[in-house]
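Report on the structure given below.
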Amino acid sequence: MSMPTTQSVIPEMCGLAKSAARVVSVLTTATKNAVLMDVAERVIRHRGQIAEANRSDVEAARRAGLGDAKVRRLVLDDAGIMQLAEGLRQVAGLPDPVGQVVRDYRTESGLRVRRVRRPLGVICMIYEARPAVTLDAFALAFKAGNAVVLKGGREAAGTSSVLAALAHESLSSHGVPRAALTVLPPIERDQLPVLLAQDKSIDLVIPRGGTELIRFVAAHTRIPTIQHYHGICHIFVDESADLDRAIEICVTAKAGAPATCNAAECVLVHAGIAREFVPRLAHAMRARGVEVRAEARAASLAPAGTVTAAKDDDFGREFLDLIVAFKVVDGLDDAIAHIERFGSMHTEAILTRDEANAAEFCRRVQSSCTLVNASTRFNDGFQLGLGAEIGISTTPLHAFGPMGLEELTITRFIAEGTGQVR
C-alpha cells in the first residue's frame, strides 16, 4: 500500500480544519473557556513529558548546528511551561470578541444597522523554533472562534507534538472537532506551495520567521497574508533626554531579551549630548555583555575597547543577539530619516523631555508602535493591555501591531428593517 503524499495529506487536513472552523465559530463562550482551562490543567499535569520532549528537541538542534539565538527560542523550561499554562488561563479570562457590537446606528431609511465581530475562519501560521506558539496560537484563535493550521519548524516538532496531543484530548472531551487545532507533519520548504495553495480552506496566512520565509510565503500564495516581519527597532535619545533613565532604557531594551522581535537593535544619539552620553552607554552596554557596533562619529567618542566599527549592513539589521548598533545624528529630522530608511515598521522609541519633539516623532514615525520615554520591549500584547497576542503585525491592514483577540476577528453588518425597499 502506498503512503499518503504531501499533495494529498495537506489538502485533506486543511479541509478538516475548515469544517472544524464552522463548529468553533458558534461555540459558546463557556465551552471555549472550559476547553482552554482544561488544556492548561493538562499542561501542568504533563509538564515532565513536555520538558523531556523539549530537551530532545534542543539537543537535536544543537547537534544540527542551529544558531544560539534560535536555540534560545526553542527552549521551553519548567518556568516556561508554567507560563504557558497561565497564558491559557488568561486567554480564557478575556472577554469573548465574537458577537461584540462595534457600532449600532440607524440610517435615513430607518434600517437599524449593527457592525458585529465574527471569526476570520481558518488561520494558518508558519513559524520557526518557538514551540510554545503551538498552544499560544491555538488559544487565541480558538477564543476568537477560529480554527488553526500550524506549520512549525522541524526543530520543535517533538515538543509541538506533545502540546498538540494535550489540546486534542481537551477538544475531544468537550465534543469539539480535533481539527480545530491542526498541526501539520514536518514538511520541507519546497513543499510549502502545496499548503499555500489551499485558498478554499485557509482564510489567512501568518508567517512568523526570517525575511526569506516571509518573502517566500508572500510570493507563493493568493491567500491574504499578514506579515510578522523582522523587528528593526530604534531608540532615539534626544538632546533633552534624562540621561540616567536613557541608559537604563537602552541597555535593558537590548540586553533584557536580545532574541525577541521588540528588542532594540539600534540606538540613535543626538549630537548635542553624544560627547557625554556615548561613553556612558558604551560602558553600560559592555558591562551587560553587549557588543556595540558604532559608526564613525559614535566610535570616535567611545572609550577604547568598548565598541567596534560598524559596517554598512549593521544598520537595518535584526541581530537577535547581544549586539547593538550606535549612530550619532544631528537631530530629530536626521533620526527620523534614518528610521525611514532602515526601519521595519515594528517599534521605535524617543527618549526626550521636549513635548513638541515627542509629538512630532509620534506624528511622523508611524510604525506599529511608537513609544515616548519607554523601552521598545513594551510593544507586546500583554504589556499594551490586550491580554495576549499571536504576534506583532508589521502589515498595515486591519491588524497592525500586536494581534490580540479582536485582531483575530473581522466585522460584518447586520441590518434590521420594517419592510424597506429600494
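Residue names in the C-alpha cells use chain letters A, B, ... in the order shown, residue numbers from 1 in each chain, and ligand numbers from 1 in the order shown.
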Could the residues of region 269-359 of chain A that have an atom at most 7 Å from region 215-236 of chain A be listed as JSON lines, each with its closest atom pair and the distance in Å to one decimal, counting only C-alpha atoms and ordered by chain and ascending residue number?
```
{"residue": "A:Val269", "atom": "CA", "partner": "A:Phe236", "partner_atom": "CA", "distance": 6.0}
{"residue": "A:Gly316", "atom": "CA", "partner": "A:Ile232", "partner_atom": "CA", "distance": 6.2}
{"residue": "A:Arg317", "atom": "CA", "partner": "A:Ile232", "partner_atom": "CA", "distance": 6.2}
{"residue": "A:Glu318", "atom": "CA", "partner": "A:Ile232", "partner_atom": "CA", "distance": 5.3}
{"residue": "A:Ala335", "atom": "CA", "partner": "A:Phe236", "partner_atom": "CA", "distance": 6.7}
{"residue": "A:Gly343", "atom": "CA", "partner": "A:Ile232", "partner_atom": "CA", "distance": 5.5}
{"residue": "A:Ser344", "atom": "CA", "partner": "A:Ile232", "partner_atom": "CA", "distance": 5.5}
{"residue": "A:His346", "atom": "CA", "partner": "A:Gly231", "partner_atom": "CA", "distance": 5.4}
{"residue": "A:Thr347", "atom": "CA", "partner": "A:Cys233", "partner_atom": "CA", "distance": 5.0}
{"residue": "A:Glu348", "atom": "CA", "partner": "A:His234", "partner_atom": "CA", "distance": 4.9}
{"residue": "A:Ala349", "atom": "CA", "partner": "A:Ile235", "partner_atom": "CA", "distance": 4.7}
{"residue": "A:Ile350", "atom": "CA", "partner": "A:Phe236", "partner_atom": "CA", "distance": 4.8}
{"residue": "A:Leu351", "atom": "CA", "partner": "A:Phe236", "partner_atom": "CA", "distance": 6.2}
```
Residues within 12 Å of Gly419 (chain A), please, as a PDB file with N, CA and C atoms, in the first residue's frame. Count only C-alpha atoms; anything in the same chain fewer than 5 positions from it doesn't count.
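File produced: out.pdb:
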```pdb
ATOM      1  N   SER A 109     -33.123  55.600   5.952  1.00  0.00           N
ATOM      2  CA  SER A 109     -34.238  54.758   5.514  1.00  0.00           C
ATOM      3  C   SER A 109     -34.931  54.054   6.674  1.00  0.00           C
ATOM      4  N   GLY A 110     -34.356  54.186   7.857  1.00  0.00           N
ATOM      5  CA  GLY A 110     -34.966  53.543   9.018  1.00  0.00           C
ATOM      6  C   GLY A 110     -34.369  52.208   9.382  1.00  0.00           C
ATOM      7  N   LEU A 111     -33.386  51.725   8.605  1.00  0.00           N
ATOM      8  CA  LEU A 111     -32.739  50.466   8.953  1.00  0.00           C
ATOM      9  C   LEU A 111     -31.913  50.619  10.232  1.00  0.00           C
ATOM     10  N   ARG A 112     -32.025  49.622  11.095  1.00  0.00           N
ATOM     11  CA  ARG A 112     -31.110  49.554  12.231  1.00  0.00           C
ATOM     12  C   ARG A 112     -29.910  48.722  11.792  1.00  0.00           C
TER      13      ARG A 112
END
```
Contact residues around region 91-99 of chain A with only C-alpha atoms at 6 Å, ignoring same-chain residues under 4 positions, as a CSV table (one decimal) with C-alpha atoms, in the first residue's frame:
```
chain,number,residue,atom,x,y,z
A,33,ASN,CA,-13.2,28.8,28.2
A,116,VAL,CA,-20.6,42.9,14.7
A,117,ARG,CA,-17.4,40.9,15.2
A,118,ARG,CA,-17.1,37.5,13.7
A,406,GLU,CA,-10.0,41.5,18.4
```
Discussion item. Could you list, as a VMD selection string, every residue within 12 Å of region 270-279 of chain A, counting only C-alpha atoms and ignoring same-chain residues fewer than 2 positions away?
Written reply: chain A and resid 235 to 247 250 267 to 268 281 to 286 292 294 to 295 297 to 307 325 to 336 350 to 352
Practice prompt. Skip region 17-31 of chain A itself and residues of its chain fewer than 4 positions away, then list as a ChimeraX atom specification all residues within 10 Å of it, counting only C-alpha atoms.
Written response: /A:11-13,35-37,92,95-99,118-124,141-149,171,174-182,200-203
Just write the chosen residues, C-alpha atoms, as a short mmCIF file (atom, residue, chain, number, x, y, z; two decimals), in the first residue's frame.
```cif
data_model
loop_
_atom_site.label_atom_id
_atom_site.label_comp_id
_atom_site.auth_asym_id
_atom_site.auth_seq_id
_atom_site.Cartn_x
_atom_site.Cartn_y
_atom_site.Cartn_z
CA PRO A 11 -5.42 19.40 1.39
CA GLU A 12 -7.25 16.79 3.48
CA MET A 13 -6.03 18.23 6.78
CA VAL A 35 -11.56 23.81 26.75
CA LEU A 36 -8.78 26.32 27.41
CA MET A 37 -8.85 25.75 31.18
CA ALA A 92 -9.92 32.02 28.98
CA PRO A 95 -13.77 38.96 27.01
CA ASP A 96 -15.05 36.98 24.03
CA PRO A 97 -14.89 39.24 20.95
CA VAL A 98 -17.26 37.11 18.86
CA GLY A 99 -20.63 38.80 18.56
CA ARG A 118 -17.13 37.48 13.68
CA PRO A 119 -14.24 34.98 13.40
CA LEU A 120 -11.83 35.04 10.48
CA GLY A 121 -12.23 31.30 9.82
CA VAL A 122 -9.10 29.18 9.39
CA ILE A 123 -5.81 30.82 10.29
CA CYS A 124 -2.60 29.20 9.06
CA ALA A 141 -7.50 31.74 17.61
CA PHE A 142 -9.90 29.36 19.37
CA LYS A 143 -11.18 32.00 21.82
CA ALA A 144 -11.84 34.25 18.80
CA GLY A 145 -13.84 31.45 17.15
CA ASN A 146 -11.23 30.29 14.63
CA ALA A 147 -9.54 27.02 13.74
CA VAL A 148 -5.77 26.96 13.20
CA VAL A 149 -3.46 25.12 10.83
CA LEU A 171 -11.14 19.29 22.48
CA HIS A 174 -15.76 18.74 25.14
CA GLY A 175 -17.17 17.46 21.84
CA VAL A 176 -15.18 19.86 19.66
CA PRO A 177 -13.50 18.59 16.45
CA ARG A 178 -9.81 17.90 16.99
CA ALA A 179 -9.09 19.59 13.66
CA ALA A 180 -9.73 22.94 15.38
CA LEU A 181 -6.01 22.55 16.09
CA THR A 182 -4.35 21.07 13.03
CA LYS A 200 -10.57 27.28 -0.38
CA SER A 201 -9.79 26.09 3.15
CA ILE A 202 -7.47 28.72 4.64
CA ASP A 203 -8.66 32.30 5.19
#
```
Worksheet item: What residues in region 192-417 of chain A get the DSSP label strand (DSSP E or B)? Please answer as JSON, numbers by chain.
Response: {"A": [204, 205, 206, 207, 208, 225, 228, 233, 234, 235, 236, 237, 264, 265, 266, 267, 268, 269, 270, 291, 292, 293, 294, 308, 309, 323, 324, 325, 326, 327, 328, 329, 347, 348, 349, 350, 351, 369, 370, 371, 372, 392, 393, 401, 402, 409, 410, 411, 412, 413, 414, 415, 416]}
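Proximity to Pro131 (chain A) was assessed for A:Gln83, A:Arg114, A:Val75, A:Lys311 counting only C-alpha atoms; the smallest distance is recorded for A:Val75.
For the pair CA of Val365 (chain A) and CA of Ile339 (chain A), the separation is 7.9 Å.
Going from CA of Val9 (chain A) over to CA of Ala156 (chain A), you cover 20.5 Å.
Considering the residues A:Ser368, A:Gln191, A:Ser173, A:Thr134 and counting only C-alpha atoms, Gly401 (chain A) has its shortest atom-to-atom contact with A:Ser368.
Shortest atom-to-atom contact with Val183 (chain A) among A:Thr394, A:Thr159, A:Gln366, A:Gln198: A:Thr159, counting only C-alpha atoms.
CA of Ile81 (chain A) lies 8.0 Å from CA of Ala51 (chain A).
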Discussion item. Quick one: residues within 12 Å of Val162 (chain A), only C-alpha atoms, excluding same-chain residues fewer than 2 positions away - as a list in words?
Written reply: Val39, Arg42, Val43, His46, Arg47, Gly48, Gln49, Ile50, Ala51, Glu52, Ala53, Asn54, Asp57, Pro131, Ala132, Thr134, Leu135, Ala156, Ala157, Gly158, Thr159, Ser160, Ala164, Ala165, Leu166, Ala167, His168, Glu169 and Val183 of chain A
Worksheet item: Which of region 223-399 of chain A counts as helix (DSSP H, G or I) under DSSP, as an MDAnalysis selection string please?
Response: chainID A and resid 243:255 271:287 296:301 312:314 332:342 355:364 376:378
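Considering the residues A:Arg55, A:Lys151, A:Arg63, A:Arg377 and counting only C-alpha atoms, Gly256 (chain A) has its shortest atom-to-atom contact with A:Arg377.
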Worksheet entry | Contacts of Gly391 (chain A) at 10 Å (only C-alpha atoms; same-chain gap of 3+ positions) as a VMD selection string | chain A and resid 133 136 to 137 206 to 208 227 to 229 261 380 to 381 388 394 401 to 404
